[in-house]
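Undergrad: Next comes the structure file query-v7.cif, holding mmCIF, C-alpha atoms and all ligand atoms.
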data_upload
#
loop_
_atom_site.group_PDB
_atom_site.id
_atom_site.type_symbol
_atom_site.label_atom_id
_atom_site.label_comp_id
_atom_site.auth_asym_id
_atom_site.auth_seq_id
_atom_site.Cartn_x
_atom_site.Cartn_y
_atom_site.Cartn_z
ATOM 1 C CA MET A 1 20.994 22.114 -26.973
ATOM 2 C CA ARG A 2 24.582 21.383 -25.984
ATOM 3 C CA GLU A 3 25.188 25.073 -25.354
ATOM 4 C CA ASP A 4 22.419 25.018 -22.681
ATOM 5 C CA ILE A 5 24.235 22.405 -20.570
ATOM 6 C CA ALA A 6 26.465 23.466 -17.684
ATOM 7 C CA GLN A 7 27.495 20.004 -16.520
ATOM 8 C CA VAL A 8 26.944 16.317 -17.241
ATOM 9 C CA LEU A 9 26.191 14.599 -13.930
ATOM 10 C CA VAL A 10 25.702 11.032 -15.144
ATOM 11 C CA THR A 11 26.737 9.860 -18.608
ATOM 12 C CA GLY A 12 24.679 7.622 -20.875
ATOM 13 C CA GLU A 13 27.366 4.924 -20.480
ATOM 14 C CA GLN A 14 27.147 5.037 -16.669
ATOM 15 C CA ILE A 15 23.360 4.854 -16.898
ATOM 16 C CA LYS A 16 23.506 1.851 -19.214
ATOM 17 C CA GLN A 17 25.703 -0.123 -16.810
ATOM 18 C CA ARG A 18 23.572 0.752 -13.770
ATOM 19 C CA VAL A 19 20.275 -0.032 -15.526
ATOM 20 C CA LYS A 20 21.647 -3.451 -16.432
ATOM 21 C CA GLU A 21 22.438 -4.097 -12.754
ATOM 22 C CA LEU A 22 18.965 -2.949 -11.680
ATOM 23 C CA GLY A 23 17.340 -5.205 -14.296
ATOM 24 C CA GLU A 24 19.356 -8.161 -13.043
ATOM 25 C CA ALA A 25 18.419 -7.485 -9.422
ATOM 26 C CA ILE A 26 14.713 -7.163 -10.280
ATOM 27 C CA SER A 27 14.772 -10.345 -12.394
ATOM 28 C CA ARG A 28 16.362 -12.218 -9.497
ATOM 29 C CA ASP A 29 14.031 -10.844 -6.812
ATOM 30 C CA TYR A 30 10.797 -11.482 -8.751
ATOM 31 C CA GLU A 31 11.713 -14.870 -10.254
ATOM 32 C CA GLY A 32 8.554 -17.001 -10.536
ATOM 33 C CA LYS A 33 6.264 -14.111 -9.584
ATOM 34 C CA ASP A 34 3.637 -12.193 -11.503
ATOM 35 C CA LEU A 35 5.184 -8.709 -11.854
ATOM 36 C CA LEU A 36 3.338 -5.603 -12.997
ATOM 37 C CA VAL A 37 5.740 -2.770 -13.829
ATOM 38 C CA VAL A 38 4.087 0.629 -13.485
ATOM 39 C CA GLY A 39 5.862 3.429 -15.347
ATOM 40 C CA ILE A 40 5.169 6.961 -14.191
ATOM 41 C CA LEU A 41 4.628 9.278 -17.174
ATOM 42 C CA LYS A 42 6.294 11.150 -18.611
ATOM 43 C CA GLY A 43 9.648 11.356 -16.860
ATOM 44 C CA ALA A 44 10.225 7.619 -16.440
ATOM 45 C CA ILE A 45 9.642 6.556 -20.054
ATOM 46 C CA ILE A 46 13.257 6.430 -21.221
ATOM 47 C CA PHE A 47 14.420 4.679 -18.039
ATOM 48 C CA LEU A 48 11.475 2.287 -18.201
ATOM 49 C CA ALA A 49 12.193 1.397 -21.828
ATOM 50 C CA ASP A 50 15.816 0.587 -21.004
ATOM 51 C CA LEU A 51 15.032 -1.149 -17.701
ATOM 52 C CA VAL A 52 12.401 -3.580 -18.984
ATOM 53 C CA ARG A 53 14.782 -4.742 -21.679
ATOM 54 C CA GLU A 54 17.220 -5.780 -18.936
ATOM 55 C CA ILE A 55 14.515 -7.767 -17.121
ATOM 56 C CA THR A 56 14.637 -11.437 -18.030
ATOM 57 C CA ILE A 57 11.419 -12.672 -16.369
ATOM 58 C CA PRO A 58 7.908 -12.249 -17.850
ATOM 59 C CA ILE A 59 6.285 -8.966 -16.819
ATOM 60 C CA THR A 60 3.289 -6.844 -17.735
ATOM 61 C CA LEU A 61 3.473 -3.089 -18.180
ATOM 62 C CA ASP A 62 1.089 -0.310 -17.336
ATOM 63 C CA PHE A 63 1.349 3.430 -16.827
ATOM 64 C CA MET A 64 0.175 6.171 -14.537
ATOM 65 C CA ALA A 65 0.505 9.876 -15.125
ATOM 66 C CA VAL A 66 0.627 12.233 -12.188
ATOM 67 C CA SER A 67 1.314 15.898 -11.920
ATOM 68 C CA SER A 68 3.268 17.160 -8.961
ATOM 69 C CA TYR A 69 5.014 20.154 -10.451
ATOM 70 C CA GLY A 70 3.795 23.026 -12.576
ATOM 71 C CA SER A 71 6.101 23.948 -15.394
ATOM 72 C CA GLY A 72 8.848 25.236 -13.111
ATOM 73 C CA THR A 73 11.432 23.584 -10.916
ATOM 74 C CA SER A 74 9.869 23.604 -7.455
ATOM 75 C CA SER A 75 7.377 21.211 -5.896
ATOM 76 C CA SER A 76 3.821 22.352 -5.254
ATOM 77 C CA GLY A 77 3.217 19.408 -2.930
ATOM 78 C CA VAL A 78 -0.082 18.724 -4.688
ATOM 79 C CA VAL A 79 -0.312 15.416 -6.534
ATOM 80 C CA ARG A 80 -3.030 14.692 -9.051
ATOM 81 C CA ILE A 81 -3.688 11.509 -11.081
ATOM 82 C CA LEU A 82 -3.920 12.454 -14.758
ATOM 83 C CA LYS A 83 -4.022 8.872 -16.020
ATOM 84 C CA ASP A 84 -4.742 5.784 -13.958
ATOM 85 C CA LEU A 85 -3.812 2.111 -14.405
ATOM 86 C CA GLU A 86 -5.841 0.074 -16.857
ATOM 87 C CA VAL A 87 -5.623 -3.134 -14.820
ATOM 88 C CA PRO A 88 -6.485 -4.112 -11.247
ATOM 89 C CA VAL A 89 -3.497 -4.932 -9.031
ATOM 90 C CA GLU A 90 -4.906 -7.216 -6.300
ATOM 91 C CA ASP A 91 -3.348 -10.364 -7.710
ATOM 92 C CA LYS A 92 -0.024 -8.826 -8.690
ATOM 93 C CA HIS A 93 3.365 -7.781 -7.401
ATOM 94 C CA VAL A 94 3.677 -4.128 -8.331
ATOM 95 C CA LEU A 95 6.897 -2.243 -9.067
ATOM 96 C CA ILE A 96 6.644 1.515 -9.542
ATOM 97 C CA VAL A 97 9.260 2.938 -11.919
ATOM 98 C CA GLU A 98 10.055 6.619 -11.357
ATOM 99 C CA ASP A 99 12.500 9.080 -12.871
ATOM 100 C CA ILE A 100 13.497 10.862 -9.672
ATOM 101 C CA VAL A 101 12.602 10.987 -5.997
ATOM 102 C CA ASP A 102 13.037 14.545 -4.819
ATOM 103 C CA THR A 103 10.838 15.726 -1.926
ATOM 104 C CA GLY A 104 9.296 12.227 -1.940
ATOM 105 C CA LEU A 105 5.761 13.624 -2.047
ATOM 106 C CA THR A 106 4.911 12.083 -5.426
ATOM 107 C CA LEU A 107 6.222 8.661 -4.509
ATOM 108 C CA LYS A 108 4.507 8.719 -1.113
ATOM 109 C CA TYR A 109 1.223 9.556 -2.796
ATOM 110 C CA LEU A 110 1.681 6.754 -5.345
ATOM 111 C CA LEU A 111 2.640 4.205 -2.697
ATOM 112 C CA ASP A 112 -0.347 5.108 -0.488
ATOM 113 C CA ASN A 113 -2.710 5.112 -3.462
ATOM 114 C CA LEU A 114 -1.568 1.750 -4.850
ATOM 115 C CA ARG A 115 -1.256 0.117 -1.436
ATOM 116 C CA ALA A 116 -4.941 0.870 -0.848
ATOM 117 C CA ARG A 117 -5.707 -1.338 -3.888
ATOM 118 C CA GLN A 118 -4.094 -4.262 -2.055
ATOM 119 C CA PRO A 119 -1.442 -5.597 -4.428
ATOM 120 C CA LEU A 120 0.454 -8.753 -3.398
ATOM 121 C CA SER A 121 3.502 -6.525 -2.869
ATOM 122 C CA LEU A 122 4.532 -2.972 -3.702
ATOM 123 C CA LYS A 123 8.052 -1.694 -4.368
ATOM 124 C CA CYS A 124 9.674 1.193 -6.109
ATOM 125 C CA CYS A 125 12.564 1.688 -8.513
ATOM 126 C CA THR A 126 13.956 5.103 -9.413
ATOM 127 C CA ILE A 127 16.872 6.035 -11.627
ATOM 128 C CA LEU A 128 17.670 9.139 -9.545
ATOM 129 C CA ASP A 129 17.437 10.020 -5.876
ATOM 130 C CA LYS A 130 17.972 13.522 -4.435
ATOM 131 C CA PRO A 131 18.004 12.681 -0.702
ATOM 132 C CA GLU A 132 18.915 16.227 0.422
ATOM 133 C CA ARG A 133 15.509 17.489 -0.665
ATOM 134 C CA ARG A 134 13.388 14.854 1.079
ATOM 135 C CA LEU A 135 10.315 16.119 2.967
ATOM 136 C CA VAL A 136 8.637 12.767 3.643
ATOM 137 C CA ASP A 137 10.091 9.384 4.437
ATOM 138 C CA VAL A 138 9.735 6.898 1.576
ATOM 139 C CA GLN A 139 11.423 3.565 1.011
ATOM 140 C CA ILE A 140 13.296 3.193 -2.276
ATOM 141 C CA ASP A 141 13.866 -0.459 -3.123
ATOM 142 C CA TYR A 142 15.951 -0.036 -6.290
ATOM 143 C CA ARG A 143 17.954 3.123 -6.891
ATOM 144 C CA GLY A 144 20.094 4.091 -9.866
ATOM 145 C CA PHE A 145 22.104 7.060 -8.612
ATOM 146 C CA CYS A 146 22.066 9.474 -5.693
ATOM 147 C CA ILE A 147 22.658 13.003 -6.934
ATOM 148 C CA PRO A 148 23.227 16.344 -5.198
ATOM 149 C CA ASP A 149 20.551 19.019 -5.087
ATOM 150 C CA TYR A 150 20.619 20.182 -8.707
ATOM 151 C CA PHE A 151 17.631 20.449 -11.015
ATOM 152 C CA VAL A 152 18.519 17.956 -13.738
ATOM 153 C CA VAL A 153 17.327 17.187 -17.240
ATOM 154 C CA GLY A 154 17.858 14.441 -19.798
ATOM 155 C CA TYR A 155 17.187 10.689 -19.854
ATOM 156 C CA GLY A 156 13.449 11.452 -19.656
ATOM 157 C CA LEU A 157 13.631 14.432 -17.307
ATOM 158 C CA ASP A 158 12.494 17.785 -18.610
ATOM 159 C CA TYR A 159 12.574 21.485 -18.077
ATOM 160 C CA ASN A 160 9.374 22.965 -19.531
ATOM 161 C CA GLN A 161 8.940 19.685 -21.471
ATOM 162 C CA LYS A 162 12.323 20.100 -23.152
ATOM 163 C CA TYR A 163 15.597 18.123 -22.934
ATOM 164 C CA ARG A 164 13.925 14.729 -22.257
ATOM 165 C CA HIS A 165 15.759 13.124 -25.179
ATOM 166 C CA LEU A 166 19.293 13.918 -23.961
ATOM 167 C CA PRO A 167 21.155 10.629 -23.354
ATOM 168 C CA ASP A 168 23.048 11.998 -20.318
ATOM 169 C CA ILE A 169 21.678 13.423 -17.053
ATOM 170 C CA CYS A 170 22.639 17.087 -17.118
ATOM 171 C CA VAL A 171 22.483 20.359 -15.234
ATOM 172 C CA LEU A 172 21.393 23.348 -17.301
ATOM 173 C CA LYS A 173 23.085 26.727 -17.275
ATOM 174 C CA PRO A 174 21.372 29.198 -14.924
ATOM 175 C CA GLU A 175 20.520 31.543 -17.815
ATOM 176 C CA VAL A 176 18.310 28.850 -19.375
ATOM 177 C CA TYR A 177 15.970 29.051 -16.355
ATOM 178 C CA ARG A 178 16.174 32.820 -16.297
ATOM 179 C CA ARG A 179 15.141 33.273 -19.903
ATOM 180 C CA SER A 180 11.814 31.421 -19.531
HETATM 181 P P1 LIG B 1 8.914 14.867 -5.631
HETATM 182 O O1 LIG B 1 9.376 16.209 -5.118
HETATM 183 O O2 LIG B 1 7.437 14.698 -5.474
HETATM 184 O O3 LIG B 1 9.228 14.980 -7.155
HETATM 185 O O4 LIG B 1 9.722 13.735 -5.067
HETATM 186 C C1 LIG B 1 9.028 13.976 -8.022
HETATM 187 C C2 LIG B 1 8.788 14.507 -9.393
HETATM 188 O O5 LIG B 1 9.268 15.855 -9.567
HETATM 189 C C3 LIG B 1 9.953 16.011 -10.761
HETATM 190 N N1 LIG B 1 11.349 16.416 -10.471
HETATM 191 C C4 LIG B 1 12.243 16.748 -11.380
HETATM 192 N N2 LIG B 1 12.144 16.805 -12.717
HETATM 193 N N3 LIG B 1 14.406 17.474 -12.843
HETATM 194 C C5 LIG B 1 13.228 17.182 -13.441
HETATM 195 O O6 LIG B 1 13.153 17.244 -14.663
HETATM 196 C C6 LIG B 1 14.597 17.440 -11.496
HETATM 197 O O7 LIG B 1 15.692 17.705 -11.009
HETATM 198 C C7 LIG B 1 13.433 17.055 -10.735
HETATM 199 N N4 LIG B 1 13.240 16.907 -9.419
HETATM 200 C C8 LIG B 1 11.935 16.504 -9.295
HETATM 201 C C9 LIG B 1 9.894 14.670 -11.446
HETATM 202 O O8 LIG B 1 8.866 14.683 -12.406
HETATM 203 C C10 LIG B 1 9.549 13.680 -10.373
HETATM 204 O O9 LIG B 1 8.791 12.567 -10.801
HETATM 205 MG MG MG B 2 8.833 16.641 -14.860
#
Could I get this structure in the form of structure tokens?

TA:
Amino acid sequence: MREDIAQVLVTGEQIKQRVKELGEAISRDYEGKDLLVVGILKGAIIFLADLVREITIPITLDFMAVSSYGSGTSSSGVVRILKDLEVPVEDKHVLIVEDIVDTGLTLKYLLDNLRARQPLSLKCCTILDKPERRLVDVQIDYRGFCIPDYFVVGYGLDYNQKYRHLPDICVLKPEVYRRS
């Protein structure tokens, strides 16, 4: 594992501090409101698990799974819902929790799709933002870190479903991509 990593971009300690700040901001902004937190599978699970434990107001949790990428590292631009919400959202404030906003295509699709279901409000929180790669304009309401244009793994993010459990956000060595 460790031998596959070229560089640590964000350490687990830095993430912990930032997630705490995001949780505090969300708790403050949604005080007294009915908040539904929507985690986007699978990439956001580790972030979501840490984030909700820093939120001090009552919330409910649900999940969506979408596929935007194949198994590689480039966007196909096609978004498909693999798993939908189990609850209606009309009477709720909805916060989407994402792992990373890259081209923005996935988030735009999710925002358009959920907005059509007429929630009371709709916002988004992502641990990572790669603004250099943006193809569509999307508003990010809560952002962990802006990172340069590297394909990253760890803290929920994968390459071919591997490396999700790494506590840091890392860049892999080029030969790792070449050998698969
Ligand atoms: P878009 O391009 O639609 O991408 O904004 C969003 C989804 O693409 C995946 N993604 C990555 N996954 N390392 C990953 O492991 C990356 O550097 C990366 N960039 C994009 C991710 O699933 C995200 O939800
Ligand atoms: Mg992925």

Undergrad: Between atom N1 of ligand LIG 1 (chain B) and CA of Leu120 in chain A, what distance in Å does the model show, to one decimal?

TA: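 Taking atom N1 of ligand LIG 1 (chain B) and CA of Leu120 in chain A, their separation equals 28.3 Å.
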
Undergrad: Please find the residues contacting ligand LIG 1 (chain B) at a distance of at most 8 Å between atoms, with all atoms listed in the file counted, and report them as a count of residues only.

TA: 36

Undergrad: Tell me, as a compact mmCIF listing (two decimals) with C-alpha atoms, in the coordinates of the input, which residues lie within 12 Å of Leu85 in chain A, counting only C-alpha atoms; anything in the same chain fewer than 5 positions away does not count.

TA:
# COMPACT_ATOMS: atom_id res chain seq x y z
CA LEU A 36 3.34 -5.60 -13.00
CA VAL A 37 5.74 -2.77 -13.83
CA VAL A 38 4.09 0.63 -13.48
CA GLY A 39 5.86 3.43 -15.35
CA ILE A 40 5.17 6.96 -14.19
CA LEU A 41 4.63 9.28 -17.17
CA THR A 60 3.29 -6.84 -17.74
CA LEU A 61 3.47 -3.09 -18.18
CA ASP A 62 1.09 -0.31 -17.34
CA PHE A 63 1.35 3.43 -16.83
CA MET A 64 0.18 6.17 -14.54
CA ALA A 65 0.50 9.88 -15.12
CA VAL A 66 0.63 12.23 -12.19
CA VAL A 94 3.68 -4.13 -8.33
CA ILE A 96 6.64 1.52 -9.54
CA LEU A 110 1.68 6.75 -5.34
CA ASN A 113 -2.71 5.11 -3.46
CA LEU A 114 -1.57 1.75 -4.85
CA ARG A 117 -5.71 -1.34 -3.89

Undergrad: Compare A:Ile45, A:Arg143, A:Lys92, A:Gly23 by their minimum atom-to-atom distance to ligand MG 2 (chain B), counting all atoms listed in the file, and give me the closest one.

TA: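 Of A:Ile45, A:Arg143, A:Lys92, A:Gly23, the one nearest ligand MG 2 (chain B) is A:Ile45, counting all atoms listed in the file.
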
Undergrad: I'd like to know which of A:Met1, A:Leu111, A:Ile15, A:Ala116 is closest to Tyr155 in chain A, using only C-alpha atoms.

TA: A:Ile15

Undergrad: To one decimal place in Å, what is the distance between CA of Leu128 in chain A and CA of Leu9 in chain A?

TA: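 Between CA of Leu128 in chain A and CA of Leu9 in chain A the gap is 11.0 Å.
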
Undergrad: List the spatial neighbours of Glu31 in chain A as a ChimeraX atom specification - criterion: any atom at most 12 Å away, all atoms listed in the file, same-chain residues fewer than 5 positions off excluded.

TA: /A:23-26,55-59,93

Undergrad: Using all atoms listed in the file, pick whichever of A:Leu172, A:Ile147, A:Ile81, A:Leu95 has the shortest atom-to-atom distance to Val10 in chain A.

TA: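 Of A:Leu172, A:Ile147, A:Ile81, A:Leu95, the one nearest Val10 in chain A, counting all atoms listed in the file, is A:Ile147.
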
Undergrad: Using CA of Tyr142 in chain A and CA of Ile5 in chain A as the two end points, give the distance in Å to one decimal.

TA: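 A separation of 27.9 Å between them.
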
Undergrad: Kindly indicate which residue among A:Ile127, A:Leu135, A:Ser121, A:Lys162 lies nearest to ligand MG 2 (chain B), using only C-alpha atoms and all ligand atoms for the distances.

TA: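 Residue with the minimum atom-to-atom distance to ligand MG 2 (chain B): A:Lys162.
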
Undergrad: So for range 26-35 of chain A, what box centre and size do we get, axis-aligned, 3 Å extra on each of the six sides, every listed atom, Å to one decimal, as lines of an AutoDock Vina configuration file?

TA:
center_x = 10.0
center_y = -12.1
center_z = -9.6
size_x = 18.7
size_y = 15.8
size_z = 11.6

Undergrad: Between A:Val8, A:Val78, A:Val136, A:Leu51, which residue has the minimum interatomic distance to Asp168 in chain A, considering all atoms listed in the file?

TA: A:Val8

Undergrad: When distances are computed from only C-alpha atoms, which of A:Glu21, A:Asp84, A:Glu3, A:Glu132 shows the smallest separation from Lys173 in chain A?

TA: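 Smallest distance to Lys173 in chain A is found for A:Glu3.
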
Undergrad: Name the residues in contact with Ile140 in chain A at a cut-off of 8 Å, using all atoms listed in the file, excluding same-chain residues fewer than 3 positions from it; report them as a PDB file with C-alpha atoms, keeping the file's coordinate frame.

TA:
ATOM      1  CA  LYS A 123       8.052  -1.694  -4.368  1.00  0.00           C
ATOM      2  CA  CYS A 124       9.674   1.193  -6.109  1.00  0.00           C
ATOM      3  CA  CYS A 125      12.564   1.688  -8.513  1.00  0.00           C
ATOM      4  CA  THR A 126      13.956   5.103  -9.413  1.00  0.00           C
ATOM      5  CA  ARG A 143      17.954   3.123  -6.891  1.00  0.00           C
TER       6      ARG A 143
END

Undergrad: Missing atoms in range 36-55 of chain A need filling: write out N, CA and C atoms for it as a short mmCIF file (atom, residue, chain, number, x, y, z; two decimals), in the frame of the given file.

TA:
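Result saved to part-v2.cif:
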data_model
loop_
_atom_site.label_atom_id
_atom_site.label_comp_id
_atom_site.auth_asym_id
_atom_site.auth_seq_id
_atom_site.Cartn_x
_atom_site.Cartn_y
_atom_site.Cartn_z
N LEU A 36 3.88 -6.72 -12.21
CA LEU A 36 3.34 -5.60 -13.00
C LEU A 36 4.27 -4.41 -12.79
N VAL A 37 4.86 -3.94 -13.89
CA VAL A 37 5.74 -2.77 -13.83
C VAL A 37 4.91 -1.55 -14.19
N VAL A 38 4.90 -0.58 -13.28
CA VAL A 38 4.09 0.63 -13.48
C VAL A 38 5.01 1.82 -13.74
N GLY A 39 5.04 2.27 -14.99
CA GLY A 39 5.86 3.43 -15.35
C GLY A 39 5.10 4.71 -15.06
N ILE A 40 5.81 5.68 -14.51
CA ILE A 40 5.17 6.96 -14.19
C ILE A 40 5.51 7.97 -15.30
N LEU A 41 4.47 8.35 -16.04
CA LEU A 41 4.63 9.28 -17.17
C LEU A 41 4.85 10.69 -16.67
N LYS A 42 5.58 11.55 -17.43
CA LYS A 42 6.29 11.15 -18.61
C LYS A 42 7.76 10.85 -18.30
N GLY A 43 8.21 11.36 -17.15
CA GLY A 43 9.65 11.36 -16.86
C GLY A 43 10.32 10.00 -16.91
N ALA A 44 9.58 8.93 -16.57
CA ALA A 44 10.22 7.62 -16.44
C ALA A 44 10.30 6.84 -17.75
N ILE A 45 9.79 7.40 -18.84
CA ILE A 45 9.64 6.56 -20.05
C ILE A 45 10.96 6.03 -20.62
N ILE A 46 11.98 6.86 -20.62
CA ILE A 46 13.26 6.43 -21.22
C ILE A 46 13.90 5.37 -20.32
N PHE A 47 13.89 5.65 -19.02
CA PHE A 47 14.42 4.68 -18.04
C PHE A 47 13.64 3.37 -18.12
N LEU A 48 12.32 3.48 -18.15
CA LEU A 48 11.48 2.29 -18.20
C LEU A 48 11.80 1.44 -19.44
N ALA A 49 11.92 2.11 -20.58
CA ALA A 49 12.19 1.40 -21.83
C ALA A 49 13.52 0.64 -21.75
N ASP A 50 14.52 1.26 -21.15
CA ASP A 50 15.82 0.59 -21.00
C ASP A 50 15.74 -0.51 -19.94
N LEU A 51 15.09 -0.20 -18.83
CA LEU A 51 15.03 -1.15 -17.70
C LEU A 51 14.32 -2.45 -18.08
N VAL A 52 13.16 -2.35 -18.71
CA VAL A 52 12.40 -3.58 -18.98
C VAL A 52 13.15 -4.50 -19.95
N ARG A 53 14.01 -3.90 -20.77
CA ARG A 53 14.78 -4.74 -21.68
C ARG A 53 15.95 -5.42 -21.00
N GLU A 54 16.20 -5.08 -19.74
CA GLU A 54 17.22 -5.78 -18.94
C GLU A 54 16.57 -6.75 -17.96
N ILE A 55 15.24 -6.83 -17.99
CA ILE A 55 14.52 -7.77 -17.12
C ILE A 55 14.27 -9.05 -17.90
#
